[in-house]
$ cat final19.pdb   # PDB, C-alpha atoms
MODEL        1
ATOM      1  CA  MET A   1      41.777-129.270 149.301  1.00  0.00           C
ATOM      2  CA  ARG A   2      44.375-126.506 149.252  1.00  0.00           C
ATOM      3  CA  PRO A   3      41.845-123.675 148.749  1.00  0.00           C
ATOM      4  CA  ALA A   4      39.933-124.838 151.848  1.00  0.00           C
ATOM      5  CA  VAL A   5      43.085-124.834 153.970  1.00  0.00           C
ATOM      6  CA  THR A   6      44.026-121.397 152.664  1.00  0.00           C
ATOM      7  CA  ALA A   7      40.543-120.054 153.448  1.00  0.00           C
ATOM      8  CA  VAL A   8      40.640-121.390 157.012  1.00  0.00           C
ATOM      9  CA  MET A   9      44.104-119.941 157.586  1.00  0.00           C
ATOM     10  CA  ALA A  10      42.941-116.572 156.261  1.00  0.00           C
ATOM     11  CA  LEU A  11      39.854-116.502 158.502  1.00  0.00           C
ATOM     12  CA  CYS A  12      41.592-117.441 161.771  1.00  0.00           C
ATOM     13  CA  PRO A  13      43.329-114.081 162.376  1.00  0.00           C
ATOM     14  CA  ILE A  14      40.141-112.221 161.505  1.00  0.00           C
ATOM     15  CA  LEU A  15      38.010-114.232 163.940  1.00  0.00           C
ATOM     16  CA  LEU A  16      40.590-113.881 166.703  1.00  0.00           C
ATOM     17  CA  ALA A  17      40.556-110.094 166.290  1.00  0.00           C
ATOM     18  CA  PHE A  18      36.896-109.803 167.343  1.00  0.00           C
ATOM     19  CA  PRO A  19      36.421-108.922 171.018  1.00  0.00           C
ATOM     20  CA  ALA A  20      35.177-111.678 173.283  1.00  0.00           C
ATOM     21  CA  GLN A  21      31.916-111.190 175.154  1.00  0.00           C
ATOM     22  CA  ALA A  22      32.030-111.383 178.933  1.00  0.00           C
ATOM     23  CA  GLN A  23      29.679-113.772 180.664  1.00  0.00           C
ATOM     24  CA  THR A  24      26.532-111.895 181.671  1.00  0.00           C
ATOM     25  CA  TYR A  25      25.219-114.295 184.282  1.00  0.00           C
ATOM     26  CA  ASP A  26      27.313-115.035 187.393  1.00  0.00           C
ATOM     27  CA  PRO A  27      26.777-118.758 188.120  1.00  0.00           C
ATOM     28  CA  ARG A  28      27.485-118.230 191.850  1.00  0.00           C
ATOM     29  CA  TYR A  29      24.207-116.369 192.532  1.00  0.00           C
ATOM     30  CA  PRO A  30      20.638-117.662 192.040  1.00  0.00           C
ATOM     31  CA  ILE A  31      18.946-114.290 191.375  1.00  0.00           C
ATOM     32  CA  CYS A  32      19.684-111.622 188.740  1.00  0.00           C
ATOM     33  CA  MET A  33      18.411-108.105 188.195  1.00  0.00           C
ATOM     34  CA  GLN A  34      18.066-106.370 184.851  1.00  0.00           C
ATOM     35  CA  VAL A  35      18.239-102.579 185.057  1.00  0.00           C
ATOM     36  CA  PHE A  36      16.943-100.463 182.186  1.00  0.00           C
ATOM     37  CA  SER A  37      18.659 -97.124 181.554  1.00  0.00           C
ATOM     38  CA  ILE A  38      19.321 -94.627 178.785  1.00  0.00           C
ATOM     39  CA  ASP A  39      22.568 -96.438 177.984  1.00  0.00           C
ATOM     40  CA  GLY A  40      20.696 -99.702 177.549  1.00  0.00           C
ATOM     41  CA  PRO A  41      19.850-102.659 179.763  1.00  0.00           C
ATOM     42  CA  ALA A  42      22.387-104.136 182.176  1.00  0.00           C
ATOM     43  CA  ILE A  43      22.177-107.473 183.991  1.00  0.00           C
ATOM     44  CA  GLY A  44      23.754-108.105 187.360  1.00  0.00           C
ATOM     45  CA  CYS A  45      23.626-111.409 189.206  1.00  0.00           C
ATOM     46  CA  GLY A  46      24.682-110.830 192.785  1.00  0.00           C
ATOM     47  CA  TYR A  47      21.582-111.607 194.804  1.00  0.00           C
ATOM     48  CA  THR A  48      20.941-114.563 197.066  1.00  0.00           C
ATOM     49  CA  SER A  49      17.164-114.155 197.319  1.00  0.00           C
ATOM     50  CA  MET A  50      14.313-112.689 195.329  1.00  0.00           C
ATOM     51  CA  ALA A  51      13.387-110.428 198.279  1.00  0.00           C
ATOM     52  CA  GLN A  52      16.906-109.002 198.396  1.00  0.00           C
ATOM     53  CA  CYS A  53      16.808-108.267 194.671  1.00  0.00           C
ATOM     54  CA  LYS A  54      13.343-106.699 194.792  1.00  0.00           C
ATOM     55  CA  ALA A  55      14.418-104.428 197.648  1.00  0.00           C
ATOM     56  CA  SER A  56      17.332-103.239 195.533  1.00  0.00           C
ATOM     57  CA  ALA A  57      15.132-102.825 192.444  1.00  0.00           C
ATOM     58  CA  SER A  58      12.470-100.833 194.303  1.00  0.00           C
ATOM     59  CA  GLY A  59      11.880 -97.442 192.709  1.00  0.00           C
ATOM     60  CA  ARG A  60      14.056 -98.213 189.704  1.00  0.00           C
ATOM     61  CA  ALA A  61      13.334 -99.345 186.176  1.00  0.00           C
ATOM     62  CA  ALA A  62      14.438-102.883 186.970  1.00  0.00           C
ATOM     63  CA  GLU A  63      13.192-106.446 187.231  1.00  0.00           C
ATOM     64  CA  CYS A  64      14.417-109.530 189.076  1.00  0.00           C
ATOM     65  CA  PHE A  65      14.536-113.050 187.677  1.00  0.00           C
ATOM     66  CA  ALA A  66      16.005-116.463 188.416  1.00  0.00           C
ATOM     67  CA  ASN A  67      19.521-116.968 187.062  1.00  0.00           C
ATOM     68  CA  PRO A  68      19.270-119.551 184.257  1.00  0.00           C
ATOM     69  CA  TYR A  69      22.951-120.445 184.730  1.00  0.00           C
ATOM     70  CA  PHE A  70      23.017-120.823 188.522  1.00  0.00           C
ATOM     71  CA  ALA A  71      25.527-123.572 189.314  1.00  0.00           C
ATOM     72  CA  GLY A  72      24.808-124.031 193.016  1.00  0.00           C
ATOM     73  CA  GLY A  73      21.828-125.349 194.845  1.00  0.00           C
ATOM     74  CA  PRO A  74      20.882-128.778 196.057  1.00  0.00           C
ATOM     75  CA  ARG A  75      22.055-131.686 193.991  1.00  0.00           C
ATOM     76  CA  ARG A  76      19.795-134.688 193.680  1.00  0.00           C
ATOM     77  CA  THR A  77      21.477-137.975 194.171  1.00  0.00           C
ATOM     78  CA  ARG A  78      20.136-141.295 193.039  1.00  0.00           C
ATOM     79  CA  ARG A  79      20.010-144.096 195.499  1.00  0.00           C
ATOM     80  CA  SER A  80      20.757-147.514 194.188  1.00  0.00           C
ATOM     81  CA  ARG A  81      18.465-150.309 195.144  1.00  0.00           C
ATOM     82  CA  SER A  82      20.295-153.065 196.971  1.00  0.00           C
TER      83      SER A  82
ENDMDL
END
$ encode --input "final19.pdb" --output "structure tokens"
Amino acid sequence: MRPAVTAVMALCPILLAFPAQAQTYDPRYPICMQVFSIDGPAIGCGYTSMAQCKASASGRAAECFANPYFAGGPRRTRRSRS
């Protein structure tokens, strides 16, 4: 059991040293745009409608898509039968 504890204690500082990744998708907005550039693709989620995103993407190497992590929107509630 001691070698396992030693291995875990040795790995913890190494894993904590790796940089954390920022969240790519902003859950406050329903539409995202991915822009392709020489530096690589970048995703920005700051659009409230597909039309707004497409207007911003017009003439650029970009595409719009629905945010898979959108937290807002209508919530469905279940009605209990009484």
$ residues_around --input "final19.pdb" --residues "range 47-52 of chain A" --least-positions-apart "5" --cutoff "8 Å" --atoms "all atoms listed in the file" --output "list of chain:residue names"
A:Tyr29, A:Pro30, A:Ile31, A:Cys32, A:Cys64, A:Phe65
$ residues_around --input "final19.pdb" --residues "Pro41 in chain A" --least-positions-apart "4" --cutoff "12 Å" --atoms "all atoms listed in the file" --output "PyMOL selection string"
chain A and resi 24+33-37+61-63
$ atom_distance --input "final19.pdb" --atom1 "CA of Ala66 in chain A" --atom2 "CA of Tyr25 in chain A"
10.3 Å
$ atom_distance --input "final19.pdb" --atom1 "CA of Ala71 in chain A" --atom2 "CA of Ser56 in chain A"
22.8 Å
$ axis_aligned_box --input "final19.pdb" --around "range 40-51 of chain A" --padding-each-side "5 Å" --output "AutoDock Vina command-line options"
--center_x 19.0 --center_y -107.1 --center_z 187.9 --size_x 21.3 --size_y 24.9 --size_z 30.7
